[in-house]
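**Student:** Following this line is query.pdb, made up of PDB, C-alpha atoms:
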```
ATOM      1  CA  GLY A 244       0.000   0.000   0.000
ATOM      2  CA  SER A 245       1.062   3.563   0.677
ATOM      3  CA  LYS A 246       3.269   2.637   3.627
ATOM      4  CA  LEU A 247       7.033   2.596   3.337
ATOM      5  CA  GLY A 248       8.293  -0.990   3.206
ATOM      6  CA  VAL A 249      11.107  -1.686   5.693
ATOM      7  CA  VAL A 250      12.963  -4.944   6.309
ATOM      8  CA  ALA A 251      14.989  -5.449   9.486
ATOM      9  CA  ALA A 252      17.343  -8.417   9.584
ATOM     10  CA  GLU A 253      16.852  -8.690  13.373
ATOM     11  CA  ASN A 254      13.714  -7.885  15.329
ATOM     12  CA  ALA A 255      15.707  -5.686  17.728
ATOM     13  CA  TYR A 256      16.125  -3.235  14.866
ATOM     14  CA  GLY A 257      12.603  -3.980  13.655
ATOM     15  CA  ASP A 258      11.274  -2.805  17.005
ATOM     16  CA  MET A 259      13.394   0.341  16.895
ATOM     17  CA  VAL A 260      12.287   1.338  13.406
ATOM     18  CA  SER A 261       8.647   0.578  14.267
ATOM     19  CA  GLN A 262       8.788   2.994  17.187
ATOM     20  CA  ILE A 263      10.462   5.684  15.083
ATOM     21  CA  GLY A 264       8.457   5.245  11.881
ATOM     22  CA  GLY A 265       5.057   4.697  13.430
ATOM     23  CA  SER A 266       2.065   4.438  11.116
ATOM     24  CA  HIS A 267       3.996   5.525   8.038
ATOM     25  CA  ILE A 268       5.906   2.269   7.666
ATOM     26  CA  SER A 269       5.347  -1.467   7.335
ATOM     27  CA  VAL A 270       8.111  -3.531   8.943
ATOM     28  CA  THR A 271       9.199  -7.099   8.296
ATOM     29  CA  SER A 272      11.697  -8.581  10.783
ATOM     30  CA  ILE A 273      13.490 -11.670   9.489
ATOM     31  CA  LEU A 274      15.172 -13.027  12.632
ATOM     32  CA  SER A 275      12.698 -13.058  15.512
ATOM     33  CA  ASP A 276      13.373 -16.405  17.209
ATOM     34  CA  PRO A 277      15.967 -16.035  20.005
ATOM     35  CA  ASN A 278      16.914 -19.689  19.525
ATOM     36  CA  ALA A 279      17.752 -19.259  15.830
ATOM     37  CA  ASP A 280      21.426 -19.300  14.862
ATOM     38  CA  PRO A 281      21.967 -16.394  12.432
ATOM     39  CA  HIS A 282      25.089 -18.060  11.059
ATOM     40  CA  LEU A 283      23.052 -21.083   9.959
ATOM     41  CA  TYR A 284      19.871 -19.259   8.972
ATOM     42  CA  GLU A 285      18.560 -19.944   5.488
ATOM     43  CA  PRO A 286      16.107 -17.272   4.344
ATOM     44  CA  GLY A 287      13.007 -18.366   2.449
ATOM     45  CA  THR A 288      11.164 -16.941  -0.521
ATOM     46  CA  ARG A 289       9.004 -14.722   1.699
ATOM     47  CA  ASN A 290      12.166 -13.093   3.050
ATOM     48  CA  GLY A 291      13.450 -12.617  -0.473
ATOM     49  CA  LEU A 292      10.212 -10.996  -1.578
ATOM     50  CA  ALA A 293      10.198  -8.649   1.404
ATOM     51  CA  VAL A 294      13.744  -7.483   0.629
ATOM     52  CA  ALA A 295      12.948  -7.135  -3.065
ATOM     53  CA  GLN A 296      10.037  -4.816  -2.259
ATOM     54  CA  ALA A 297      11.657  -2.874   0.604
ATOM     55  CA  ARG A 298      12.719   0.738   0.258
ATOM     56  CA  LEU A 299      14.812   0.518   3.439
ATOM     57  CA  VAL A 300      16.775  -2.430   4.817
ATOM     58  CA  ILE A 301      18.372  -2.428   8.273
ATOM     59  CA  GLN A 302      20.982  -5.078   8.993
ATOM     60  CA  ASN A 303      23.532  -5.697  11.705
ATOM     61  CA  GLY A 304      26.662  -6.472   9.698
ATOM     62  CA  ALA A 305      29.949  -7.566  11.309
ATOM     63  CA  GLY A 306      29.377 -11.069   9.940
ATOM     64  CA  TYR A 307      26.247 -11.632  12.012
ATOM     65  CA  ASP A 308      23.640 -11.679   9.245
ATOM     66  CA  ALA A 309      25.577 -12.512   6.099
ATOM     67  CA  PHE A 310      22.416 -14.010   4.583
ATOM     68  CA  MET A 311      21.155 -10.454   3.999
ATOM     69  CA  GLN A 312      23.785  -9.829   1.327
ATOM     70  CA  ARG A 313      22.537 -12.876  -0.573
ATOM     71  CA  LEU A 314      18.976 -11.582  -0.437
ATOM     72  CA  GLU A 315      20.035  -8.148  -1.647
ATOM     73  CA  ASP A 316      22.182  -9.557  -4.442
ATOM     74  CA  ALA A 317      19.264 -11.702  -5.598
ATOM     75  CA  SER A 318      17.136  -8.595  -6.227
ATOM     76  CA  PRO A 319      19.361  -5.610  -7.048
ATOM     77  CA  SER A 320      17.650  -2.238  -6.723
ATOM     78  CA  SER A 321      18.894   1.308  -7.097
ATOM     79  CA  HIS A 322      15.946   2.519  -4.994
ATOM     80  CA  ARG A 323      16.705   0.424  -1.913
ATOM     81  CA  LEU A 324      18.560   2.039   0.971
ATOM     82  CA  VAL A 325      20.583  -0.124   3.358
ATOM     83  CA  VAL A 326      21.621   0.818   6.896
ATOM     84  CA  THR A 327      24.353  -1.466   8.219
ATOM     85  CA  VAL A 328      24.709  -0.879  11.944
ATOM     86  CA  ALA A 329      28.299  -2.169  12.117
ATOM     87  CA  ASP A 330      29.302   0.458   9.552
ATOM     88  CA  VAL A 331      27.448   3.166  11.465
ATOM     89  CA  LEU A 332      29.351   2.299  14.654
ATOM     90  CA  GLY A 333      32.649   1.457  12.952
ATOM     91  CA  VAL A 334      32.693  -2.106  14.300
ATOM     92  CA  HIS A 335      34.809  -4.374  12.114
ATOM     93  CA  GLY A 336      37.394  -7.099  12.423
ATOM     94  CA  LYS A 337      37.461 -10.845  12.889
ATOM     95  CA  ASN A 338      37.000 -10.783  16.668
ATOM     96  CA  ALA A 339      34.533  -7.889  16.829
ATOM     97  CA  ASN A 340      31.479  -8.442  19.024
ATOM     98  CA  PRO A 341      28.537  -8.302  16.576
ATOM     99  CA  HIS A 342      25.775  -8.010  19.209
ATOM    100  CA  LEU A 343      25.500  -4.287  18.659
ATOM    101  CA  TRP A 344      21.964  -3.802  19.989
ATOM    102  CA  TYR A 345      23.384  -4.264  23.519
ATOM    103  CA  ASP A 346      25.582  -1.179  23.132
ATOM    104  CA  VAL A 347      23.413   1.039  25.333
ATOM    105  CA  PRO A 348      25.534   4.219  25.079
ATOM    106  CA  ARG A 349      25.287   4.077  21.285
ATOM    107  CA  LEU A 350      21.657   3.056  20.846
ATOM    108  CA  GLY A 351      20.936   6.709  20.109
ATOM    109  CA  THR A 352      23.491   6.657  17.290
ATOM    110  CA  ILE A 353      21.866   3.547  15.821
ATOM    111  CA  ALA A 354      18.421   5.120  16.068
ATOM    112  CA  ALA A 355      19.643   8.311  14.413
ATOM    113  CA  ALA A 356      21.055   6.329  11.480
ATOM    114  CA  ILE A 357      17.745   4.477  11.100
ATOM    115  CA  THR A 358      15.893   7.804  11.167
ATOM    116  CA  SER A 359      18.199   9.207   8.504
ATOM    117  CA  GLY A 360      17.401   6.197   6.317
ATOM    118  CA  LEU A 361      13.666   6.757   6.792
ATOM    119  CA  GLU A 362      14.007  10.434   5.906
ATOM    120  CA  ARG A 363      15.930   9.655   2.736
ATOM    121  CA  ALA A 364      13.471   6.969   1.681
ATOM    122  CA  ASP A 365      10.384   9.038   2.541
ATOM    123  CA  PRO A 366      11.192  12.789   2.736
ATOM    124  CA  ALA A 367       7.500  13.721   2.932
ATOM    125  CA  HIS A 368       7.287  12.394   6.492
ATOM    126  CA  ALA A 369      10.746  13.482   7.659
ATOM    127  CA  ALA A 370       9.340  15.654  10.469
ATOM    128  CA  ASP A 371       7.323  12.738  11.836
ATOM    129  CA  TYR A 372      10.365  10.500  11.769
ATOM    130  CA  ARG A 373      12.380  13.065  13.697
ATOM    131  CA  SER A 374       9.587  13.237  16.267
ATOM    132  CA  GLY A 375       9.643   9.442  16.465
ATOM    133  CA  LEU A 376      13.383   9.540  17.098
ATOM    134  CA  ARG A 377      12.890  11.977  19.977
ATOM    135  CA  ARG A 378      10.227   9.733  21.512
ATOM    136  CA  PHE A 379      12.423   6.684  21.141
ATOM    137  CA  ASP A 380      15.399   8.445  22.698
ATOM    138  CA  THR A 381      13.248   9.511  25.640
ATOM    139  CA  SER A 382      12.051   5.922  26.086
ATOM    140  CA  LEU A 383      15.670   4.839  26.623
ATOM    141  CA  GLY A 384      15.827   6.890  29.830
ATOM    142  CA  PRO A 385      14.930   4.065  32.276
ATOM    143  CA  LEU A 386      17.420   1.701  30.630
ATOM    144  CA  ARG A 387      20.198   4.267  30.720
ATOM    145  CA  ARG A 388      19.468   5.104  34.351
ATOM    146  CA  GLN A 389      19.499   1.442  35.354
ATOM    147  CA  VAL A 390      22.866   0.903  33.675
ATOM    148  CA  ALA A 391      24.173   4.043  35.405
ATOM    149  CA  ARG A 392      22.950   2.747  38.782
ATOM    150  CA  ILE A 393      24.758  -0.551  38.272
ATOM    151  CA  LYS A 394      27.919   1.316  37.334
ATOM    152  CA  ALA A 395      27.657   3.648  40.315
ATOM    153  CA  SER A 396      27.270   0.751  42.748
ATOM    154  CA  PHE A 397      29.387  -1.981  41.198
ATOM    155  CA  ALA A 398      31.957  -0.465  38.834
ATOM    156  CA  GLY A 399      34.941  -2.768  38.510
ATOM    157  CA  SER A 400      33.110  -5.805  39.854
ATOM    158  CA  PRO A 401      34.263  -9.064  38.249
ATOM    159  CA  VAL A 402      31.745 -11.091  36.221
ATOM    160  CA  ALA A 403      31.951 -13.887  33.678
ATOM    161  CA  THR A 404      29.915 -14.828  30.609
ATOM    162  CA  THR A 405      29.383 -18.074  28.756
ATOM    163  CA  GLU A 406      29.189 -16.152  25.472
ATOM    164  CA  PRO A 407      30.340 -12.636  24.539
ATOM    165  CA  VAL A 408      26.758 -11.551  23.746
ATOM    166  CA  PRO A 409      26.368  -8.960  26.571
ATOM    167  CA  GLY A 410      29.871  -7.531  26.199
ATOM    168  CA  TYR A 411      28.796  -3.992  25.325
ATOM    169  CA  LEU A 412      26.284  -3.909  28.170
ATOM    170  CA  ILE A 413      28.924  -5.144  30.613
ATOM    171  CA  ALA A 414      31.295  -2.411  29.485
ATOM    172  CA  ALA A 415      28.597   0.267  29.763
ATOM    173  CA  ALA A 416      27.870  -0.842  33.332
ATOM    174  CA  GLY A 417      31.564  -0.601  34.228
ATOM    175  CA  LEU A 418      31.872  -4.298  35.048
ATOM    176  CA  LYS A 419      34.909  -6.458  34.328
ATOM    177  CA  ASP A 420      34.418  -9.648  32.331
ATOM    178  CA  LEU A 421      37.043 -12.189  33.389
ATOM    179  CA  ALA A 422      35.837 -15.025  31.134
ATOM    180  CA  PRO A 423      38.599 -16.095  28.731
ATOM    181  CA  GLY A 424      37.830 -15.181  25.151
ATOM    182  CA  THR A 425      39.011 -18.599  24.024
ATOM    183  CA  PHE A 426      36.105 -20.060  26.002
ATOM    184  CA  THR A 427      33.309 -17.618  25.133
ATOM    185  CA  ARG A 428      34.120 -17.434  21.407
ATOM    186  CA  ALA A 429      34.199 -21.221  21.136
ATOM    187  CA  ILE A 430      30.770 -21.496  22.770
ATOM    188  CA  GLU A 431      29.439 -18.794  20.443
ATOM    189  CA  ASP A 432      30.843 -20.625  17.408
ATOM    190  CA  GLY A 433      29.352 -23.932  18.550
ATOM    191  CA  THR A 434      32.738 -25.590  18.966
ATOM    192  CA  GLU A 435      34.443 -27.243  21.933
ATOM    193  CA  PRO A 436      36.645 -24.914  24.003
ATOM    194  CA  THR A 437      40.179 -26.120  24.576
ATOM    195  CA  PRO A 438      40.912 -27.918  27.863
ATOM    196  CA  GLN A 439      42.967 -24.898  28.909
ATOM    197  CA  ALA A 440      40.018 -22.557  28.280
ATOM    198  CA  VAL A 441      37.652 -24.802  30.229
ATOM    199  CA  ALA A 442      40.113 -25.023  33.117
ATOM    200  CA  ALA A 443      40.476 -21.250  33.196
ATOM    201  CA  MET A 444      36.696 -20.807  33.242
ATOM    202  CA  ASP A 445      36.278 -23.443  35.954
ATOM    203  CA  ALA A 446      38.898 -21.697  38.046
ATOM    204  CA  LEU A 447      36.840 -18.503  38.034
ATOM    205  CA  MET A 448      33.916 -20.400  39.524
ATOM    206  CA  THR A 449      35.687 -22.680  42.023
ATOM    207  CA  GLY A 450      37.937 -19.849  43.134
ATOM    208  CA  ARG A 451      34.919 -17.553  43.646
ATOM    209  CA  ARG A 452      36.628 -14.895  41.562
ATOM    210  CA  VAL A 453      33.442 -13.537  39.979
ATOM    211  CA  LYS A 454      30.258 -12.151  41.521
ATOM    212  CA  VAL A 455      27.907 -12.956  38.640
ATOM    213  CA  LEU A 456      27.786 -15.495  35.831
ATOM    214  CA  LEU A 457      25.884 -14.295  32.762
ATOM    215  CA  TYR A 458      24.590 -17.448  31.140
ATOM    216  CA  LYS A 459      23.109 -17.564  27.636
ATOM    217  CA  SER A 460      20.287 -20.098  27.754
ATOM    218  CA  GLN A 461      20.132 -20.435  23.939
ATOM    219  CA  ALA A 462      23.651 -21.890  23.813
ATOM    220  CA  VAL A 463      23.631 -24.780  26.263
ATOM    221  CA  SER A 464      26.106 -27.639  26.480
ATOM    222  CA  PRO A 465      27.417 -29.914  29.243
ATOM    223  CA  ILE A 466      30.366 -27.545  29.511
ATOM    224  CA  THR A 467      28.259 -24.456  30.110
TER     225      THR A 467
END
```
Translate this structure into structure tokens?
**Tutor:**
Amino acid sequence: GSKLGVVAAENAYGDMVSQIGGSHISVTSILSDPNADPHLYEPGTRNGLAVAQARLVIQNGAGYDAFMQRLEDASPSSHRLVVTVADVLGVHGKNANPHLWYDVPRLGTIAAAITSGLERADPAHAADYRSGLRRFDTSLGPLRRQVARIKASFAGSPVATTEPVPGYLIAAAGLKDLAPGTFTRAIEDGTEPTPQAVAAMDALMTGRRVKVLLYKSQAVSPIT
């Protein structure tokens, strides 16, 4: 219809653009199941059609949703705008943490880039999109305050994670992640950590060296 077609690779960005764009847009989020592995995801024909018809595509980048490039290549369009969040934030490199929607201090930057994409794709409603951005930014207040409270009370406190997913949130809260990267990256990749990595992780627990373990329930194994 008359609404601007938007495709978000992940529903985190789909939710953001829905709040900013309001009634002017129609959003399709491709990845919405928290148990889905984006590295193994195979998009279907409905996903391909949504991308083919979209005026704006929002994707994470940093190797997280590589399937999006295949969808875009399958239906080239000079009218389609693409916002790649990793490019917006300058996050690149083999070991970069791709879970960018947890970067609380820079959620405003992500939202601003999404708003810019909406304005370019639909200039007639640019003022409404800017108003949507202001509302969205205001809605982040409780989250920002909670992170600030954690930092004020517990800055420097040692924690550990089973996967590097919440890394940006941990950093924003001023906490110190002691989990060895050789352990967390292996779990994220679905491979077995080395015995040395497992021993180092076990030592954090048995030695009571961390106050909190952040455990990702979608990536479970006997080791975790």
**Student:** Which one of A:Phe397, A:Phe310, A:Tyr372, A:Phe426 sits closest to A:Leu274 if you count all atoms listed in the file?
**Tutor:**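 When distances to A:Leu274 are compared using all atoms listed in the file, the smallest one comes from A:Phe310.
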**Student:** Can you list, as a PDB file with C-alpha atoms, in the coordinates of the input, the residues that the PyMOL selection byres ((chain A and resi 300) around 7) selects here?
**Tutor:**
```
ATOM      1  CA  VAL A 249      11.107  -1.686   5.693  1.00  0.00           C
ATOM      2  CA  VAL A 250      12.963  -4.944   6.309  1.00  0.00           C
ATOM      3  CA  ALA A 251      14.989  -5.449   9.486  1.00  0.00           C
ATOM      4  CA  ALA A 297      11.657  -2.874   0.604  1.00  0.00           C
ATOM      5  CA  ARG A 298      12.719   0.738   0.258  1.00  0.00           C
ATOM      6  CA  LEU A 299      14.812   0.518   3.439  1.00  0.00           C
ATOM      7  CA  ILE A 301      18.372  -2.428   8.273  1.00  0.00           C
ATOM      8  CA  GLN A 302      20.982  -5.078   8.993  1.00  0.00           C
ATOM      9  CA  LEU A 324      18.560   2.039   0.971  1.00  0.00           C
ATOM     10  CA  VAL A 325      20.583  -0.124   3.358  1.00  0.00           C
ATOM     11  CA  VAL A 326      21.621   0.818   6.896  1.00  0.00           C
TER      12      VAL A 326
END
```
**Student:** Grab the atom CA of A:Gln389 to atom CA of A:Ile357 distance for me, in Å with one decimal place.
**Tutor:**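 Atom CA of A:Ile357 lies at a distance of 24.5 Å from atom CA of A:Gln389.
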**Student:** Extract, using all atoms listed in the file, all DNA, RNA and protein residues at most 12 Å from stretch 450-458 of chain A, discarding same-chain residues fewer than 2 positions from it, and format them as an NGL selection string.
**Tutor:** :A and (397 or 399-410 or 412-413 or 418-422 or 427 or 430-431 or 442-448 or 460-464 or 466-467)
**Student:** Using all atoms listed in the file for the distances, tell me which of A:Pro423, A:Ala293, A:Pro385, A:Ala440 is nearest to A:Ala317.
**Tutor:**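 Looking at the shortest contact to A:Ala317, the residue is A:Ala293.
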**Student:** Would you write out, as a PyMOL selection string, every residue that the PyMOL selection byres ((chain A and resi 351) around 10) captures in this file?
**Tutor:** chain A and resi 346-350+352-357+376-377+379-381+383
**Student:** Given the choices A:Asn340, A:Ala309, A:Thr434, A:Leu332, which gets closest to A:Glu285 if the distance is worked out from only C-alpha atoms?
**Tutor:**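 Answer, going by the shortest atom-to-atom distance: A:Ala309.
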**Student:** To one decimal place in Å, what is the distance between atom CA of A:Ala416 and atom CA of A:Val390?
**Tutor:**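 Taking atom CA of A:Ala416 as the start and atom CA of A:Val390 as the end point, the length is 5.3 Å.
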**Student:** Atom CA of A:Arg363 and atom CA of A:Arg387 are how many Å apart?
**Tutor:**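 Calculated distance between atom CA of A:Arg363 and atom CA of A:Arg387 is 28.8 Å.
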**Student:** Counting all atoms listed in the file, figure out which residue out of A:Leu247, A:Ala391, A:Ala305, A:Ala398 gets nearest to A:Ala367.
**Tutor:** A:Leu247
**Student:** I need the residue nearest A:Ala395 from this list: A:Gly304, A:Pro286, A:Gly417, A:Ser269. Use all atoms listed in the file for the distance.
**Tutor:** A:Gly417
**Student:** Name the residues captured by the PyMOL selection byres ((chain A and resi 341) around 9) when it is applied to the shown file; answer as a ChimeraX atom specification.
**Tutor:** /A:303-307,329,334-335,338-340,342-344,408
**Student:** Please produce a file of the residues just selected, as an mmCIF file, in the frame of the given file, where the atoms kept are C-alpha atoms.
**Tutor:**
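Output file again_23.cif is given in full below:
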```
data_model
loop_
_atom_site.group_PDB
_atom_site.id
_atom_site.type_symbol
_atom_site.label_atom_id
_atom_site.label_comp_id
_atom_site.auth_asym_id
_atom_site.auth_seq_id
_atom_site.Cartn_x
_atom_site.Cartn_y
_atom_site.Cartn_z
ATOM 1 C CA ASN A 303 23.532 -5.697 11.705
ATOM 2 C CA GLY A 304 26.662 -6.472 9.698
ATOM 3 C CA ALA A 305 29.949 -7.566 11.309
ATOM 4 C CA GLY A 306 29.377 -11.069 9.940
ATOM 5 C CA TYR A 307 26.247 -11.632 12.012
ATOM 6 C CA ALA A 329 28.299 -2.169 12.117
ATOM 7 C CA VAL A 334 32.693 -2.106 14.300
ATOM 8 C CA HIS A 335 34.809 -4.374 12.114
ATOM 9 C CA ASN A 338 37.000 -10.783 16.668
ATOM 10 C CA ALA A 339 34.533 -7.889 16.829
ATOM 11 C CA ASN A 340 31.479 -8.442 19.024
ATOM 12 C CA HIS A 342 25.775 -8.010 19.209
ATOM 13 C CA LEU A 343 25.500 -4.287 18.659
ATOM 14 C CA TRP A 344 21.964 -3.802 19.989
ATOM 15 C CA VAL A 408 26.758 -11.551 23.746
#
```
**Student:** Fewer than 6 positions away in the same chain doesn't count, so skip those; otherwise give me all residues within 12 Å of A:Asp276, counting all atoms listed in the file, as a PyMOL selection string.
**Tutor:** chain A and resi 252-255+284+461
**Student:** Which residue is closest to A:Arg378? Choose from A:Pro281, A:Glu315, A:Gly264, A:Ala414 and count only C-alpha atoms.
**Tutor:** A:Gly264
**Student:** Around all listed atoms of stretch 409-419 of chain A, padded 3 Å per side, what centre and edge lengths does the axis-aligned box have in Å to one decimal, as AutoDock Vina command-line options?
**Tutor:**
```
--center_x 30.6 --center_y -4.3 --center_z 30.2 --size_x 14.6 --size_y 15.2 --size_z 15.7
```
**Student:** Please rebuild stretch 381-401 of chain A with N, CA, C and O atoms and give the result as a PDB file, in the coordinates of the input.
**Tutor:**
```
ATOM      1  N   THR A 381      13.793   9.310  24.299  1.00  0.00           N
ATOM      2  CA  THR A 381      13.248   9.511  25.640  1.00  0.00           C
ATOM      3  C   THR A 381      12.928   8.181  26.310  1.00  0.00           C
ATOM      4  O   THR A 381      13.146   8.007  27.515  1.00  0.00           O
ATOM      5  N   SER A 382      12.423   7.225  25.525  1.00  0.00           N
ATOM      6  CA  SER A 382      12.051   5.922  26.086  1.00  0.00           C
ATOM      7  C   SER A 382      13.259   5.149  26.604  1.00  0.00           C
ATOM      8  O   SER A 382      13.105   4.222  27.398  1.00  0.00           O
ATOM      9  N   LEU A 383      14.462   5.512  26.159  1.00  0.00           N
ATOM     10  CA  LEU A 383      15.670   4.839  26.623  1.00  0.00           C
ATOM     11  C   LEU A 383      16.089   5.287  28.021  1.00  0.00           C
ATOM     12  O   LEU A 383      16.980   4.684  28.623  1.00  0.00           O
ATOM     13  N   GLY A 384      15.435   6.331  28.538  1.00  0.00           N
ATOM     14  CA  GLY A 384      15.827   6.890  29.830  1.00  0.00           C
ATOM     15  C   GLY A 384      15.899   5.864  30.951  1.00  0.00           C
ATOM     16  O   GLY A 384      16.922   5.775  31.646  1.00  0.00           O
ATOM     17  N   PRO A 385      14.857   5.055  31.186  1.00  0.00           N
ATOM     18  CA  PRO A 385      14.930   4.065  32.276  1.00  0.00           C
ATOM     19  C   PRO A 385      16.071   3.073  32.106  1.00  0.00           C
ATOM     20  O   PRO A 385      16.718   2.698  33.080  1.00  0.00           O
ATOM     21  N   LEU A 386      16.317   2.639  30.869  1.00  0.00           N
ATOM     22  CA  LEU A 386      17.420   1.701  30.630  1.00  0.00           C
ATOM     23  C   LEU A 386      18.759   2.357  30.941  1.00  0.00           C
ATOM     24  O   LEU A 386      19.610   1.775  31.618  1.00  0.00           O
ATOM     25  N   ARG A 387      18.936   3.570  30.464  1.00  0.00           N
ATOM     26  CA  ARG A 387      20.198   4.267  30.720  1.00  0.00           C
ATOM     27  C   ARG A 387      20.405   4.497  32.211  1.00  0.00           C
ATOM     28  O   ARG A 387      21.527   4.361  32.721  1.00  0.00           O
ATOM     29  N   ARG A 388      19.336   4.852  32.907  1.00  0.00           N
ATOM     30  CA  ARG A 388      19.468   5.104  34.351  1.00  0.00           C
ATOM     31  C   ARG A 388      19.796   3.826  35.099  1.00  0.00           C
ATOM     32  O   ARG A 388      20.579   3.840  36.052  1.00  0.00           O
ATOM     33  N   GLN A 389      19.209   2.712  34.680  1.00  0.00           N
ATOM     34  CA  GLN A 389      19.499   1.442  35.354  1.00  0.00           C
ATOM     35  C   GLN A 389      20.963   1.048  35.162  1.00  0.00           C
ATOM     36  O   GLN A 389      21.628   0.603  36.101  1.00  0.00           O
ATOM     37  N   VAL A 390      21.463   1.209  33.936  1.00  0.00           N
ATOM     38  CA  VAL A 390      22.866   0.903  33.675  1.00  0.00           C
ATOM     39  C   VAL A 390      23.764   1.817  34.508  1.00  0.00           C
ATOM     40  O   VAL A 390      24.771   1.375  35.075  1.00  0.00           O
ATOM     41  N   ALA A 391      23.377   3.096  34.606  1.00  0.00           N
ATOM     42  CA  ALA A 391      24.173   4.043  35.405  1.00  0.00           C
ATOM     43  C   ALA A 391      24.163   3.661  36.878  1.00  0.00           C
ATOM     44  O   ALA A 391      25.184   3.804  37.569  1.00  0.00           O
ATOM     45  N   ARG A 392      23.015   3.155  37.375  1.00  0.00           N
ATOM     46  CA  ARG A 392      22.950   2.747  38.782  1.00  0.00           C
ATOM     47  C   ARG A 392      23.863   1.546  39.047  1.00  0.00           C
ATOM     48  O   ARG A 392      24.531   1.482  40.076  1.00  0.00           O
ATOM     49  N   ILE A 393      23.866   0.601  38.114  1.00  0.00           N
ATOM     50  CA  ILE A 393      24.758  -0.551  38.272  1.00  0.00           C
ATOM     51  C   ILE A 393      26.212  -0.088  38.303  1.00  0.00           C
ATOM     52  O   ILE A 393      27.005  -0.518  39.134  1.00  0.00           O
ATOM     53  N   LYS A 394      26.536   0.820  37.391  1.00  0.00           N
ATOM     54  CA  LYS A 394      27.919   1.316  37.334  1.00  0.00           C
ATOM     55  C   LYS A 394      28.290   2.057  38.605  1.00  0.00           C
ATOM     56  O   LYS A 394      29.407   1.894  39.131  1.00  0.00           O
ATOM     57  N   ALA A 395      27.363   2.873  39.110  1.00  0.00           N
ATOM     58  CA  ALA A 395      27.657   3.648  40.315  1.00  0.00           C
ATOM     59  C   ALA A 395      27.890   2.748  41.524  1.00  0.00           C
ATOM     60  O   ALA A 395      28.709   3.059  42.395  1.00  0.00           O
ATOM     61  N   SER A 396      27.175   1.631  41.581  1.00  0.00           N
ATOM     62  CA  SER A 396      27.270   0.751  42.748  1.00  0.00           C
ATOM     63  C   SER A 396      28.323  -0.337  42.619  1.00  0.00           C
ATOM     64  O   SER A 396      28.880  -0.784  43.619  1.00  0.00           O
ATOM     65  N   PHE A 397      28.585  -0.773  41.365  1.00  0.00           N
ATOM     66  CA  PHE A 397      29.387  -1.981  41.198  1.00  0.00           C
ATOM     67  C   PHE A 397      30.519  -1.850  40.180  1.00  0.00           C
ATOM     68  O   PHE A 397      31.034  -2.869  39.701  1.00  0.00           O
ATOM     69  N   ALA A 398      30.896  -0.639  39.824  1.00  0.00           N
ATOM     70  CA  ALA A 398      31.957  -0.465  38.834  1.00  0.00           C
ATOM     71  C   ALA A 398      33.198  -1.253  39.228  1.00  0.00           C
ATOM     72  O   ALA A 398      33.633  -1.220  40.374  1.00  0.00           O
ATOM     73  N   GLY A 399      33.753  -1.973  38.267  1.00  0.00           N
ATOM     74  CA  GLY A 399      34.941  -2.768  38.510  1.00  0.00           C
ATOM     75  C   GLY A 399      34.674  -4.157  39.031  1.00  0.00           C
ATOM     76  O   GLY A 399      35.612  -4.962  39.160  1.00  0.00           O
ATOM     77  N   SER A 400      33.421  -4.479  39.328  1.00  0.00           N
ATOM     78  CA  SER A 400      33.110  -5.805  39.854  1.00  0.00           C
ATOM     79  C   SER A 400      33.374  -6.868  38.803  1.00  0.00           C
ATOM     80  O   SER A 400      33.036  -6.700  37.627  1.00  0.00           O
ATOM     81  N   PRO A 401      33.956  -8.004  39.207  1.00  0.00           N
ATOM     82  CA  PRO A 401      34.263  -9.064  38.249  1.00  0.00           C
ATOM     83  C   PRO A 401      33.043  -9.927  37.953  1.00  0.00           C
ATOM     84  O   PRO A 401      32.325 -10.339  38.856  1.00  0.00           O
TER      85      PRO A 401
END
```
